[in-house]
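Trainee: Following this line is protein_24.cif, made up of mmCIF, C-alpha atoms:
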data_my_file
loop_
_atom_site.label_atom_id
_atom_site.label_comp_id
_atom_site.auth_asym_id
_atom_site.auth_seq_id
_atom_site.Cartn_x
_atom_site.Cartn_y
_atom_site.Cartn_z
CA MET M 92 8.00 9.82 -29.02
CA ALA M 93 11.27 9.85 -30.91
CA SER M 94 14.47 8.40 -29.49
CA THR M 95 17.47 10.49 -28.56
CA VAL M 96 20.97 10.09 -29.95
CA ILE M 97 21.96 6.48 -29.54
CA SER M 98 25.72 6.58 -28.90
CA ASP M 99 28.85 8.64 -29.19
CA LYS M 100 30.15 6.52 -32.04
CA ARG M 101 28.62 4.47 -34.77
CA PRO M 102 28.41 0.93 -33.29
CA GLY M 103 30.08 -0.90 -36.16
CA TYR M 104 31.03 -4.52 -36.71
CA GLY M 105 34.65 -3.90 -35.72
CA ARG M 106 33.61 -2.91 -32.21
CA LEU M 107 31.24 -5.84 -32.05
CA LEU M 108 33.86 -8.43 -32.99
CA ARG M 109 36.27 -6.97 -30.44
CA THR M 110 33.85 -7.87 -27.67
CA PRO M 111 35.86 -10.04 -25.23
CA GLY M 112 35.16 -13.73 -25.80
CA ALA M 113 33.02 -13.19 -28.90
CA LEU M 114 35.16 -15.16 -31.34
CA SER M 115 35.23 -18.14 -28.99
CA PHE M 116 31.53 -18.80 -29.66
CA LEU M 117 31.15 -17.17 -33.09
CA LEU M 118 33.50 -19.48 -34.98
CA PRO M 119 32.17 -22.81 -33.68
CA GLY M 120 28.66 -21.37 -33.83
CA PHE M 121 29.08 -20.59 -37.53
CA ALA M 122 30.17 -24.17 -38.24
CA ALA M 123 27.40 -25.65 -36.12
CA ARG M 124 24.61 -23.68 -37.83
CA GLN M 125 25.59 -24.66 -41.39
CA PRO M 126 23.70 -27.98 -41.18
CA PHE M 127 20.45 -26.09 -40.49
CA ALA M 128 20.38 -24.94 -44.13
CA MET M 129 21.58 -28.28 -45.51
CA LEU M 130 18.93 -30.53 -43.97
CA THR M 131 15.90 -29.74 -46.14
CA ILE M 132 17.66 -29.78 -49.50
CA GLY M 133 19.64 -32.88 -48.49
CA ILE M 134 16.40 -34.73 -47.69
CA VAL M 135 14.75 -33.61 -50.93
CA LEU M 136 17.65 -34.74 -53.10
CA LEU M 137 18.09 -38.10 -51.36
CA VAL M 138 14.41 -39.04 -51.13
CA GLN M 139 13.75 -37.94 -54.72
CA HIS M 140 16.65 -40.14 -55.83
CA THR M 141 15.36 -43.19 -53.98
CA THR M 142 11.61 -42.76 -54.66
CA GLY M 143 11.62 -40.88 -57.96
CA SER M 144 9.04 -38.45 -56.58
CA PHE M 145 9.52 -34.78 -55.78
CA GLY M 146 6.17 -34.87 -54.00
CA SER M 147 7.31 -37.56 -51.59
CA ALA M 148 10.63 -35.80 -51.08
CA GLY M 149 8.93 -32.50 -50.31
CA ALA M 150 6.52 -34.16 -47.90
CA VAL M 151 9.34 -35.76 -45.89
CA ALA M 152 11.19 -32.44 -45.81
CA ALA M 153 8.01 -30.64 -44.69
CA VAL M 154 7.58 -33.08 -41.78
CA THR M 155 11.10 -32.25 -40.70
CA GLY M 156 10.44 -28.50 -40.88
CA VAL M 157 7.18 -28.63 -38.94
CA SER M 158 8.74 -30.88 -36.31
CA MET M 159 11.60 -28.43 -35.87
CA ALA M 160 9.23 -25.47 -35.58
CA LEU M 161 7.15 -27.19 -32.90
CA PHE M 162 10.01 -28.53 -30.79
CA ALA M 163 12.55 -25.69 -31.10
CA PRO M 164 10.89 -23.47 -28.44
CA GLN M 165 10.90 -26.37 -25.98
CA SER M 166 14.62 -26.79 -26.61
CA GLY M 167 15.10 -23.08 -25.93
CA LYS M 168 13.08 -23.27 -22.73
CA LEU M 169 15.20 -26.18 -21.49
CA ALA M 170 18.39 -24.29 -22.39
CA ASP M 171 17.24 -21.31 -20.32
CA ARG M 172 16.49 -23.57 -17.39
CA PHE M 173 19.37 -26.06 -17.48
CA GLY M 174 21.98 -24.35 -19.65
CA GLN M 175 22.84 -24.52 -23.34
CA ARG M 176 25.44 -27.26 -22.92
CA ALA M 177 23.03 -29.59 -21.09
CA VAL M 178 20.53 -29.34 -23.97
CA LEU M 179 22.92 -29.13 -26.91
CA ILE M 180 25.00 -32.25 -26.29
CA PRO M 181 22.13 -34.78 -26.16
CA GLY M 182 20.34 -32.91 -28.94
CA VAL M 183 23.37 -33.16 -31.22
CA LEU M 184 23.68 -36.89 -30.56
CA VAL M 185 19.98 -37.54 -31.19
CA HIS M 186 20.02 -35.47 -34.38
CA THR M 187 23.07 -37.24 -35.77
CA ALA M 188 21.55 -40.66 -35.07
CA SER M 189 18.17 -39.64 -36.53
CA VAL M 190 19.67 -38.34 -39.77
CA CYS M 191 21.78 -41.47 -40.15
CA LEU M 192 18.64 -43.57 -39.65
CA LEU M 193 16.80 -41.52 -42.27
CA VAL M 194 19.66 -42.06 -44.74
CA ALA M 195 19.71 -45.81 -44.07
CA LEU M 196 15.94 -46.11 -44.51
CA ALA M 197 15.94 -44.12 -47.75
CA LEU M 198 18.80 -46.09 -49.27
CA GLY M 199 17.20 -49.34 -48.12
CA GLY M 200 13.96 -48.59 -49.95
CA ALA M 201 11.85 -48.26 -46.82
CA PRO M 202 8.17 -47.26 -47.23
CA LEU M 203 7.25 -43.59 -47.11
CA TRP M 204 5.64 -43.86 -43.68
CA ALA M 205 8.96 -45.03 -42.23
CA LEU M 206 10.70 -41.98 -43.68
CA PHE M 207 8.04 -39.77 -42.09
CA LEU M 208 8.66 -41.39 -38.70
CA ALA M 209 12.41 -40.86 -38.99
CA ALA M 210 11.91 -37.26 -40.12
CA VAL M 211 10.14 -36.32 -36.87
CA PRO M 212 13.13 -36.78 -34.50
CA ALA M 213 15.50 -35.47 -37.17
CA GLY M 214 13.59 -32.17 -37.23
CA ALA M 215 12.78 -32.04 -33.52
CA SER M 216 16.43 -32.38 -32.57
CA VAL M 217 17.88 -29.74 -34.93
CA PRO M 218 20.35 -27.85 -32.70
CA GLN M 219 19.16 -24.29 -32.12
CA VAL M 220 22.63 -22.80 -32.43
CA GLY M 221 21.49 -19.49 -33.95
CA PRO M 222 19.22 -18.60 -31.01
CA MET M 223 21.92 -19.78 -28.61
CA VAL M 224 24.46 -17.45 -30.22
CA ARG M 225 21.95 -14.59 -29.99
CA ALA M 226 21.42 -15.39 -26.31
CA ARG M 227 25.18 -15.19 -25.73
CA TRP M 228 25.33 -11.81 -27.45
CA ALA M 229 22.43 -10.62 -25.33
CA ALA M 230 24.12 -11.75 -22.12
CA LYS M 231 27.27 -9.83 -23.04
CA LEU M 232 25.74 -6.71 -24.57
CA ASP M 233 22.50 -6.28 -22.61
CA GLY M 234 21.49 -2.61 -22.71
CA THR M 235 24.43 -1.42 -24.83
CA PRO M 236 24.27 0.29 -28.25
CA LEU M 237 25.88 -2.78 -29.80
CA MET M 238 22.80 -5.00 -29.43
CA PRO M 239 21.21 -3.85 -32.74
CA THR M 240 24.58 -4.39 -34.42
CA ALA M 241 24.74 -7.91 -33.01
CA ALA M 242 21.21 -8.59 -34.29
CA ALA M 243 22.22 -7.37 -37.76
CA PHE M 244 25.39 -9.45 -37.69
CA GLU M 245 23.39 -12.57 -36.84
CA SER M 246 20.91 -11.89 -39.62
CA VAL M 247 23.72 -11.60 -42.15
CA THR M 248 25.28 -14.79 -40.79
CA ASP M 249 21.96 -16.64 -41.07
CA GLU M 250 21.47 -15.45 -44.64
CA PHE M 251 25.03 -16.41 -45.58
CA THR M 252 24.34 -19.84 -44.09
CA PHE M 253 21.28 -20.24 -46.29
CA VAL M 254 23.37 -19.34 -49.33
CA VAL M 255 26.34 -21.63 -48.58
CA GLY M 256 24.52 -24.60 -46.99
CA PRO M 257 22.21 -25.53 -49.88
CA VAL M 258 25.01 -25.08 -52.43
CA LEU M 259 27.31 -27.38 -50.43
CA ALA M 260 24.60 -30.00 -49.94
CA THR M 261 23.62 -29.92 -53.62
CA ALA M 262 27.24 -30.25 -54.76
CA LEU M 263 27.79 -33.25 -52.49
CA CYS M 264 24.54 -34.96 -53.50
CA THR M 265 25.08 -34.49 -57.24
CA GLY M 266 28.85 -34.84 -57.38
CA VAL M 267 29.60 -37.50 -54.77
CA HIS M 268 26.53 -39.50 -53.73
CA PRO M 269 22.83 -38.70 -53.19
CA ALA M 270 23.30 -39.33 -49.46
CA ALA M 271 26.50 -37.30 -49.15
CA GLY M 272 24.66 -34.06 -48.34
CA LEU M 273 22.85 -35.52 -45.34
CA ILE M 274 25.96 -37.37 -44.15
CA ALA M 275 27.91 -34.11 -44.22
CA GLU M 276 25.04 -32.40 -42.40
CA ALA M 277 25.16 -34.99 -39.63
CA ALA M 278 28.95 -34.77 -39.36
CA LEU M 279 28.97 -30.96 -39.17
CA THR M 280 26.20 -31.05 -36.58
CA LEU M 281 28.15 -33.46 -34.41
CA VAL M 282 31.54 -31.76 -34.60
CA GLY M 283 30.37 -28.14 -34.67
CA GLY M 284 27.70 -28.67 -32.02
CA LEU M 285 30.04 -30.35 -29.55
CA PHE M 286 32.71 -27.71 -30.11
CA PHE M 287 30.17 -24.94 -29.51
CA ALA M 288 28.88 -26.65 -26.38
CA ALA M 289 32.44 -26.76 -25.06
CA GLN M 290 32.59 -22.95 -24.87
CA ARG M 291 31.39 -22.75 -21.28
CA ALA M 292 32.86 -19.35 -20.48
CA THR M 293 30.37 -17.49 -22.69
CA GLN M 294 27.31 -19.56 -21.80
CA PRO M 295 24.55 -17.31 -20.41
CA ALA M 296 23.35 -17.73 -16.84
CA PHE M 297 20.51 -20.20 -16.51
CA GLY M 298 17.97 -21.56 -14.07
CA LEU M 299 17.77 -19.82 -10.73
CA SER M 300 20.90 -17.77 -11.46
CA ALA M 301 19.16 -16.15 -14.45
CA ALA M 302 16.06 -15.15 -12.51
CA THR M 303 15.66 -12.71 -9.67
CA ALA M 304 12.93 -11.98 -7.19
CA ALA M 305 11.84 -9.12 -9.44
CA GLU M 306 12.02 -11.27 -12.59
CA PRO M 307 10.99 -14.85 -11.76
CA HIS M 308 11.26 -17.49 -14.45
CA ARG M 309 8.36 -17.42 -16.90
CA SER M 310 7.64 -18.69 -20.37
CA ALA M 311 8.59 -16.29 -23.14
CA LEU M 312 5.29 -16.95 -24.92
CA SER M 313 3.36 -15.71 -21.89
CA ILE M 314 4.57 -12.19 -22.77
CA PRO M 315 2.08 -10.51 -25.15
CA GLY M 316 4.77 -8.72 -27.17
CA VAL M 317 6.51 -11.99 -27.94
CA ARG M 318 3.28 -13.41 -29.34
CA VAL M 319 2.94 -10.35 -31.59
CA LEU M 320 6.48 -10.85 -32.88
CA VAL M 321 5.79 -14.55 -33.52
CA VAL M 322 2.98 -13.50 -35.88
CA ALA M 323 5.33 -11.03 -37.59
CA PHE M 324 7.94 -13.75 -38.07
CA LEU M 325 5.33 -16.14 -39.45
CA GLY M 326 4.78 -13.51 -42.16
CA ILE M 327 8.51 -13.37 -42.86
CA GLY M 328 8.56 -17.16 -43.15
CA SER M 329 5.74 -16.93 -45.71
CA VAL M 330 8.02 -14.78 -47.87
CA PHE M 331 10.89 -17.27 -47.74
CA GLY M 332 8.66 -20.27 -48.49
CA GLY M 333 6.57 -18.52 -51.12
CA MET M 334 9.63 -17.22 -52.93
CA GLN M 335 11.34 -20.63 -53.00
CA VAL M 336 8.41 -22.45 -54.57
CA SER M 337 7.10 -19.66 -56.79
CA LEU M 338 10.48 -18.77 -58.27
CA THR M 339 11.01 -22.42 -59.18
CA ALA M 340 7.55 -22.66 -60.74
CA PHE M 341 8.00 -19.36 -62.59
CA THR M 342 11.32 -20.30 -64.19
CA GLU M 343 9.98 -23.71 -65.24
CA GLU M 344 6.84 -22.08 -66.65
CA ILE M 345 8.86 -19.75 -68.89
CA GLY M 346 11.17 -22.60 -69.97
CA ASN M 347 14.26 -21.24 -68.21
CA PRO M 348 14.72 -23.32 -65.03
CA GLY M 349 18.37 -22.34 -64.81
CA ALA M 350 17.34 -18.81 -63.86
CA ASN M 351 15.92 -20.04 -60.54
CA GLY M 352 19.28 -20.03 -58.76
CA LEU M 353 20.09 -16.56 -60.06
CA LEU M 354 16.75 -15.08 -58.99
CA TYR M 355 16.89 -16.57 -55.51
CA GLY M 356 20.51 -15.47 -55.20
CA VAL M 357 19.50 -11.87 -55.98
CA PHE M 358 16.76 -12.10 -53.35
CA ALA M 359 19.22 -13.46 -50.76
CA ALA M 360 21.82 -10.84 -51.70
CA GLY M 361 19.31 -8.08 -51.01
CA ASN M 362 18.71 -9.52 -47.56
CA MET M 363 22.44 -9.71 -46.83
CA LEU M 364 23.15 -6.17 -48.05
CA ALA M 365 20.33 -4.70 -45.98
CA GLY M 366 21.52 -6.65 -42.95
CA ILE M 367 25.05 -5.29 -43.31
CA ALA M 368 23.72 -1.75 -43.64
CA MET M 369 21.42 -2.14 -40.62
CA GLY M 370 24.35 -2.97 -38.37
CA ALA M 371 26.42 -0.02 -39.55
CA VAL M 372 23.84 2.69 -38.81
CA ALA M 373 23.35 4.51 -35.51
CA TRP M 374 19.56 4.75 -35.53
CA LYS M 375 17.69 7.76 -34.18
CA VAL M 376 14.31 6.14 -34.81
CA GLY M 377 13.00 3.78 -32.13
CA PRO M 378 12.85 0.03 -32.91
CA ARG M 379 9.04 -0.23 -32.73
CA ARG M 380 8.61 2.44 -35.39
CA ARG M 381 11.42 0.88 -37.46
CA LEU M 382 9.67 -2.48 -37.31
CA ILE M 383 6.33 -1.11 -38.50
CA LEU M 384 7.88 0.98 -41.28
CA GLY M 385 10.11 -1.87 -42.40
CA TYR M 386 7.24 -4.34 -42.37
CA ALA M 387 5.05 -1.94 -44.34
CA GLY M 388 7.78 -1.76 -46.99
CA LEU M 389 8.08 -5.56 -47.03
CA THR M 390 4.31 -5.94 -47.45
CA ALA M 391 4.21 -3.41 -50.28
CA ALA M 392 7.06 -5.10 -52.15
CA ALA M 393 5.66 -8.61 -51.62
CA SER M 394 2.25 -7.47 -52.86
CA LEU M 395 3.71 -6.69 -56.30
CA LEU M 396 5.41 -10.05 -56.90
CA TRP M 397 2.39 -11.70 -58.52
CA THR M 398 2.16 -8.94 -61.14
CA THR M 399 5.60 -9.56 -62.72
CA HIS M 400 5.99 -11.68 -65.83
CA SER M 401 9.65 -11.28 -66.81
CA VAL M 402 12.90 -12.47 -65.30
CA LEU M 403 14.35 -8.96 -65.23
CA LEU M 404 11.40 -7.41 -63.40
CA LEU M 405 11.09 -10.32 -61.00
CA GLY M 406 14.80 -10.11 -60.21
CA ALA M 407 14.54 -6.39 -59.49
CA LEU M 408 11.46 -6.82 -57.31
CA GLY M 409 13.02 -9.83 -55.57
CA LEU M 410 15.99 -7.64 -54.68
CA VAL M 411 13.65 -5.06 -53.14
CA VAL M 412 11.84 -7.75 -51.15
CA GLY M 413 15.18 -9.01 -49.86
CA LEU M 414 16.22 -5.50 -48.90
CA CYS M 415 12.99 -5.13 -46.89
CA ILE M 416 13.23 -8.44 -45.02
CA ALA M 417 16.41 -7.68 -43.06
CA PRO M 418 15.11 -4.49 -41.36
CA ALA M 419 11.98 -6.30 -40.15
CA LEU M 420 13.88 -9.40 -39.08
CA ILE M 421 16.70 -7.59 -37.30
CA THR M 422 14.43 -5.11 -35.55
CA GLY M 423 12.19 -7.93 -34.35
CA TYR M 424 15.15 -9.62 -32.68
CA THR M 425 16.18 -6.28 -31.19
CA ILE M 426 12.72 -5.67 -29.73
CA VAL M 427 12.29 -9.14 -28.24
CA GLU M 428 15.41 -8.59 -26.14
CA THR M 429 13.68 -5.63 -24.45
CA LEU M 430 10.53 -7.63 -23.70
CA ILE M 431 11.87 -10.69 -21.92
CA PRO M 432 13.68 -11.42 -18.68
CA ALA M 433 17.14 -12.97 -18.88
CA SER M 434 15.69 -16.31 -17.79
CA ALA M 435 13.74 -16.69 -21.07
CA ARG M 436 16.16 -15.37 -23.71
CA THR M 437 16.97 -18.54 -25.61
CA GLU M 438 13.35 -19.67 -25.57
CA ALA M 439 12.21 -16.33 -26.99
CA PHE M 440 14.75 -16.46 -29.81
CA THR M 441 13.75 -20.04 -30.66
CA TRP M 442 10.07 -19.03 -30.81
CA LEU M 443 10.97 -16.47 -33.47
CA THR M 444 13.21 -18.87 -35.38
CA GLY M 445 10.53 -21.56 -35.18
CA ALA M 446 7.90 -19.10 -36.40
CA VAL M 447 9.96 -18.42 -39.53
CA ALA M 448 10.32 -22.17 -40.14
CA LEU M 449 6.61 -22.80 -39.58
CA GLY M 450 5.61 -19.93 -41.86
CA GLN M 451 8.01 -21.21 -44.47
CA ALA M 452 6.65 -24.77 -44.31
CA ALA M 453 3.05 -23.55 -44.62
CA ALA M 454 3.94 -21.22 -47.49
CA VAL M 455 5.75 -23.97 -49.40
CA THR M 456 2.66 -26.16 -49.22
CA VAL M 457 0.09 -23.49 -50.12
CA ALA M 458 2.19 -21.80 -52.81
CA GLY M 459 2.97 -25.15 -54.40
CA ARG M 460 -0.71 -26.07 -54.64
CA LEU M 461 -1.62 -22.65 -56.05
CA ALA M 462 1.17 -22.80 -58.62
CA ASP M 463 0.16 -26.30 -59.73
CA ALA M 464 -3.52 -25.40 -60.04
CA HIS M 465 -3.46 -21.82 -61.34
CA GLY M 466 0.06 -20.99 -62.54
CA ALA M 467 3.27 -19.71 -61.01
CA SER M 468 2.10 -16.14 -60.47
CA THR M 469 -0.59 -17.22 -57.99
CA GLY M 470 2.06 -18.73 -55.75
CA PHE M 471 3.36 -15.20 -55.12
CA LEU M 472 0.02 -14.37 -53.49
CA VAL M 473 1.18 -16.28 -50.40
CA PRO M 474 3.89 -13.75 -49.39
CA MET M 475 1.41 -10.94 -50.04
CA VAL M 476 -1.30 -12.39 -47.81
CA GLY M 477 1.15 -13.56 -45.12
CA THR M 478 2.84 -10.18 -44.73
CA ALA M 479 -0.43 -8.23 -44.95
CA LEU M 480 -1.98 -10.23 -42.09
CA ALA M 481 1.17 -9.87 -40.01
CA LEU M 482 1.33 -6.10 -40.64
CA ALA M 483 -2.30 -5.73 -39.58
CA THR M 484 -1.45 -7.57 -36.35
CA LEU M 485 1.56 -5.32 -35.72
CA LEU M 486 -0.48 -2.17 -36.22
CA ALA M 487 -3.34 -3.35 -34.03
CA LEU M 488 -1.14 -4.62 -31.19
CA ARG M 489 1.90 -2.34 -31.41
CA SER M 490 1.36 -1.12 -27.84
CA ARG M 491 2.35 -4.59 -26.62
CA LEU M 492 5.87 -4.09 -27.97
CA LYS M 493 6.84 -1.59 -25.28
CA PRO M 494 9.95 -2.69 -23.38
CA ARG M 495 9.91 -3.89 -19.82
CA GLU M 496 10.50 -1.11 -17.30
CA THR M 497 13.47 -3.04 -15.91
CA SER M 498 15.08 -2.90 -19.35
CA ARG M 499 14.82 0.89 -19.38
CA VAL M 500 16.31 1.21 -15.90
CA ALA M 501 19.14 -1.16 -16.73
CA ALA M 502 19.83 0.68 -19.95
CA ARG M 503 20.14 4.01 -18.13
CA GLY M 504 22.50 2.61 -15.55
CA ILE M 505 25.28 1.04 -17.60
CA GLY M 506 27.10 4.19 -18.67
CA HIS M 507 25.94 4.29 -22.30
CA ARG M 508 23.52 6.62 -23.96
CA VAL M 509 20.87 4.28 -25.30
CA PRO M 510 17.31 4.70 -26.54
CA VAL M 511 14.63 4.62 -23.89
CA ALA M 512 11.67 4.97 -26.24
CA VAL M 513 10.34 2.43 -28.70
CA ASP M 514 8.57 4.74 -31.12
#
Translate the structure described by the file into structure tokens.
Mentor:
Amino acid sequence: MASTVISDKRPGYGRLLRTPGALSFLLPGFAARQPFAMLTIGIVLLVQHTTGSFGSAGAVAAVTGVSMALFAPQSGKLADRFGQRAVLIPGVLVHTASVCLLVALALGGAPLWALFLAAVPAGASVPQVGPMVRARWAAKLDGTPLMPTAAAFESVTDEFTFVVGPVLATALCTGVHPAAGLIAEAALTLVGGLFFAAQRATQPAFGLSAATAAEPHRSALSIPGVRVLVVAFLGIGSVFGGMQVSLTAFTEEIGNPGANGLLYGVFAAGNMLAGIAMGAVAWKVGPRRRLILGYAGLTAAASLLWTTHSVLLLGALGLVVGLCIAPALITGYTIVETLIPASARTEAFTWLTGAVALGQAAAVTVAGRLADAHGASTGFLVPMVGTALALATLLALRSRLKPRETSRVAARGIGHRVPVAVD
């Protein structure tokens, strides 16, 4: 069933940013999420410098990524129960101390097992600022036509973070000191995280105040639709991880390693452009259908990556893949908001963020082994397989993505004309 007209006006970014209180959490939130994209590259550059091994550096970084993916949902669950501030402040302090310990161990020539041990708390305590910002948007805009715009805005912000963060960390590590990237990451986490935690006025309701008799507190992962979206986001993570490793292997294989940054930049630019466009369109197609169509396009584009053998063609196809990621990513975040009660918002968002990180970590490992053993082009098979499996799951279980009935009733009662169908 097709959706009706969504709103009287196009819900653009100007209207979104004029939401009362939005800038009070957006600005510190932007600063606090920068370290998320600096951590992995900072570890790789420091550990490679101290050990002389990219393999060891990648292994330590992978431990951090897996640890973050496993512990992030628990952080989100605690934030929903006790409040973002109560979770963020100790998390920021633990993360800063853990990263400083990792730096000290690396510079002191500690054995690899000691670096692995330090990497676990460093990853587990990564502040989940992105999901917390999304939860604040959801609390303010629940049921309004601006929610898809907010999801698009957050996707663009995340992508911009992953463009700026690695560049900043690399510049600090190569131009100042090999440990400077991680030190800056720890400092930004501490200052930005505490500043964000201080914004109490926009913190969503939590604990008993976030649950009602009709919607008692429950785990986000107990909702079937959330589990389906986790699989979809694992597939998206396989694209990010597969592209990172395979682009590097491809440019080294053709003797032009300098093209790696350009190719990945084109891929990231496609994601950002699509995200901007997604937030500027008043959609007449329901989010469930948008997700399936967008994911089908992503799968088709990712399936062609392994066939390309020139920089020009790979750049063009990478741009298309980037353009297809944002619709799937943004629509997934839009749908999850309709599936969960208010008492599980942050946890649900962290499950999706963690799924991307876990898919990325797995893809980096598998694509790296394939590229080493059979050539760079085989590494691109990872995004193809990851997205194909996720698309099959979406198609088979799409009925589980229907919104909660309470979401439909709330949407009808707030004075906006909003979609009540998901097809």
Trainee: Give me, as a VMD selection string, all polymer residues having an atom no more than 7 Å from segment 456-468 of chain M, counting all atoms listed in the file and skipping those fewer than 3 positions away in the same chain.
Mentor: chain M and resid 333 336 to 337 340 to 341 397 452 to 453 471 473
Trainee: Out of M:Leu130, M:Met238, M:Ala435, M:Met475, which residue has the shortest atom-to-atom distance to Pro164 of chain M when counting all atoms listed in the file?
Mentor: M:Ala435
Trainee: Interatomic distance between atom CA of Ser329 of chain M and atom CA of Phe121 of chain M?
Mentor: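 One can read the atom CA of Ser329 of chain M to atom CA of Phe121 of chain M distance as 25.0 Å.
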Trainee: In Å to one decimal, how far is atom CA of Phe331 of chain M from atom CA of Ala350 of chain M?
Mentor: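 Between atom CA of Ala350 of chain M and atom CA of Phe331 of chain M the gap is 17.4 Å.
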Trainee: Nearest residue to Cys415 of chain M out of M:Leu206, M:Val330, M:Leu338, M:Val455, using all atoms listed in the file?
Mentor: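 Nearest to Cys415 of chain M: M:Val330.
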Trainee: Check the smallest atom-to-atom distance from each of M:Ala479, M:Leu395, M:Ala407, M:Ala311 to Leu353 of chain M using all atoms listed in the file, then report the winner.
Mentor: M:Ala407
Trainee: I would like the residues chosen by the PyMOL selection byres ((chain M and resi 483) around 12) on the shown file; could you give them as JSON, numbers by chain?
Mentor: {"M": [319, 322, 323, 326, 383, 386, 387, 390, 476, 477, 478, 479, 480, 481, 482, 484, 485, 486, 487, 488, 489]}
Trainee: Would you write out those residues with C-alpha atoms, as a PDB file, keeping the file's coordinate frame?
Mentor:
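So selection.pdb came out as:
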ATOM      1  CA  VAL M 319       2.940 -10.350 -31.590  1.00  0.00           C
ATOM      2  CA  VAL M 322       2.980 -13.500 -35.880  1.00  0.00           C
ATOM      3  CA  ALA M 323       5.330 -11.030 -37.590  1.00  0.00           C
ATOM      4  CA  GLY M 326       4.780 -13.510 -42.160  1.00  0.00           C
ATOM      5  CA  ILE M 383       6.330  -1.110 -38.500  1.00  0.00           C
ATOM      6  CA  TYR M 386       7.240  -4.340 -42.370  1.00  0.00           C
ATOM      7  CA  ALA M 387       5.050  -1.940 -44.340  1.00  0.00           C
ATOM      8  CA  THR M 390       4.310  -5.940 -47.450  1.00  0.00           C
ATOM      9  CA  VAL M 476      -1.300 -12.390 -47.810  1.00  0.00           C
ATOM     10  CA  GLY M 477       1.150 -13.560 -45.120  1.00  0.00           C
ATOM     11  CA  THR M 478       2.840 -10.180 -44.730  1.00  0.00           C
ATOM     12  CA  ALA M 479      -0.430  -8.230 -44.950  1.00  0.00           C
ATOM     13  CA  LEU M 480      -1.980 -10.230 -42.090  1.00  0.00           C
ATOM     14  CA  ALA M 481       1.170  -9.870 -40.010  1.00  0.00           C
ATOM     15  CA  LEU M 482       1.330  -6.100 -40.640  1.00  0.00           C
ATOM     16  CA  THR M 484      -1.450  -7.570 -36.350  1.00  0.00           C
ATOM     17  CA  LEU M 485       1.560  -5.320 -35.720  1.00  0.00           C
ATOM     18  CA  LEU M 486      -0.480  -2.170 -36.220  1.00  0.00           C
ATOM     19  CA  ALA M 487      -3.340  -3.350 -34.030  1.00  0.00           C
ATOM     20  CA  LEU M 488      -1.140  -4.620 -31.190  1.00  0.00           C
ATOM     21  CA  ARG M 489       1.900  -2.340 -31.410  1.00  0.00           C
TER      22      ARG M 489
END
Trainee: Could you spell out the hits of the PyMOL selection byres ((chain M and resi 264-272) around 7) on the shown file, as a PyMOL selection string?
Mentor: chain M and resi 133+136-137+140+194+260-263+273-276
Trainee: Could you please give me, as a list in words, the residues of protein, DNA or RNA lying at most 10 Å from (15.8, -10.4, -39.2) in the coordinate frame of the file, considering all atoms listed in the file?
Mentor: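 It turns out the residues near that spot are Ala242, Ala243, Phe244, Glu245, Ser246, Val247, Asp249, Glu250, Phe324, Ile327, Asn362, Ala365, Gly366, Cys415, Ile416, Ala417, Pro418, Ala419, Leu420, Ile421, Thr422, Gly423, Tyr424, Thr425, Leu443, Thr444 and Val447 of chain M.
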Trainee: Counting only C-alpha atoms, note down every residue that has an atom within 10 Å of the point (5.1, -7.5, -26.9) (file coordinates), as a ChimeraX atom specification.
Mentor: /M:312-321,426-427,429-431,485,488-495
Trainee: Show which residues sit within 10 Å of Ala188 of chain M, as a list in words. Count only C-alpha atoms, and ignore same-chain residues fewer than 6 positions away.
Mentor: Gly182, Val194, Ala209, Pro212, Ala213, Ala277 and Leu281 of chain M
Trainee: Report, in Å with one decimal, the straight-line distance from atom CA of Tyr104 of chain M to atom CA of Leu237 of chain M.
Mentor: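 Interatomic distance here is 8.8 Å.
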Trainee: Closest to Leu279 of chain M among M:Trp204, M:Tyr355, M:Phe127, M:Phe440, using all atoms listed in the file?
Mentor: M:Phe127
Trainee: On this structure, which residues satisfy the PyMOL selection byres ((chain M and resi 436) around 9), written as a PyMOL selection string?
Mentor: chain M and resi 167-168+171+222-223+225-226+229-230+311+427-428+431-435+437-441
Trainee: Generate the coordinates of N, CA, C and O atoms for segment 285-289 of chain M; report them as a PDB file, in the coordinates of the input.
Mentor:
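As written to disk, result-v6.pdb reads:
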ATOM      1  N   LEU M 285      29.264 -30.009 -30.751  1.00  0.00           N
ATOM      2  CA  LEU M 285      30.040 -30.350 -29.550  1.00  0.00           C
ATOM      3  C   LEU M 285      31.089 -29.281 -29.259  1.00  0.00           C
ATOM      4  O   LEU M 285      31.348 -28.949 -28.091  1.00  0.00           O
ATOM      5  N   PHE M 286      31.706 -28.751 -30.305  1.00  0.00           N
ATOM      6  CA  PHE M 286      32.710 -27.710 -30.110  1.00  0.00           C
ATOM      7  C   PHE M 286      32.061 -26.454 -29.534  1.00  0.00           C
ATOM      8  O   PHE M 286      32.592 -25.811 -28.630  1.00  0.00           O
ATOM      9  N   PHE M 287      30.874 -26.098 -30.042  1.00  0.00           N
ATOM     10  CA  PHE M 287      30.170 -24.940 -29.510  1.00  0.00           C
ATOM     11  C   PHE M 287      29.762 -25.163 -28.057  1.00  0.00           C
ATOM     12  O   PHE M 287      29.878 -24.255 -27.214  1.00  0.00           O
ATOM     13  N   ALA M 288      29.293 -26.349 -27.753  1.00  0.00           N
ATOM     14  CA  ALA M 288      28.880 -26.650 -26.380  1.00  0.00           C
ATOM     15  C   ALA M 288      30.052 -26.582 -25.407  1.00  0.00           C
ATOM     16  O   ALA M 288      29.861 -26.334 -24.209  1.00  0.00           O
ATOM     17  N   ALA M 289      31.260 -26.787 -25.927  1.00  0.00           N
ATOM     18  CA  ALA M 289      32.440 -26.760 -25.060  1.00  0.00           C
ATOM     19  C   ALA M 289      32.830 -25.360 -24.607  1.00  0.00           C
ATOM     20  O   ALA M 289      33.634 -25.201 -23.680  1.00  0.00           O
TER      21      ALA M 289
END
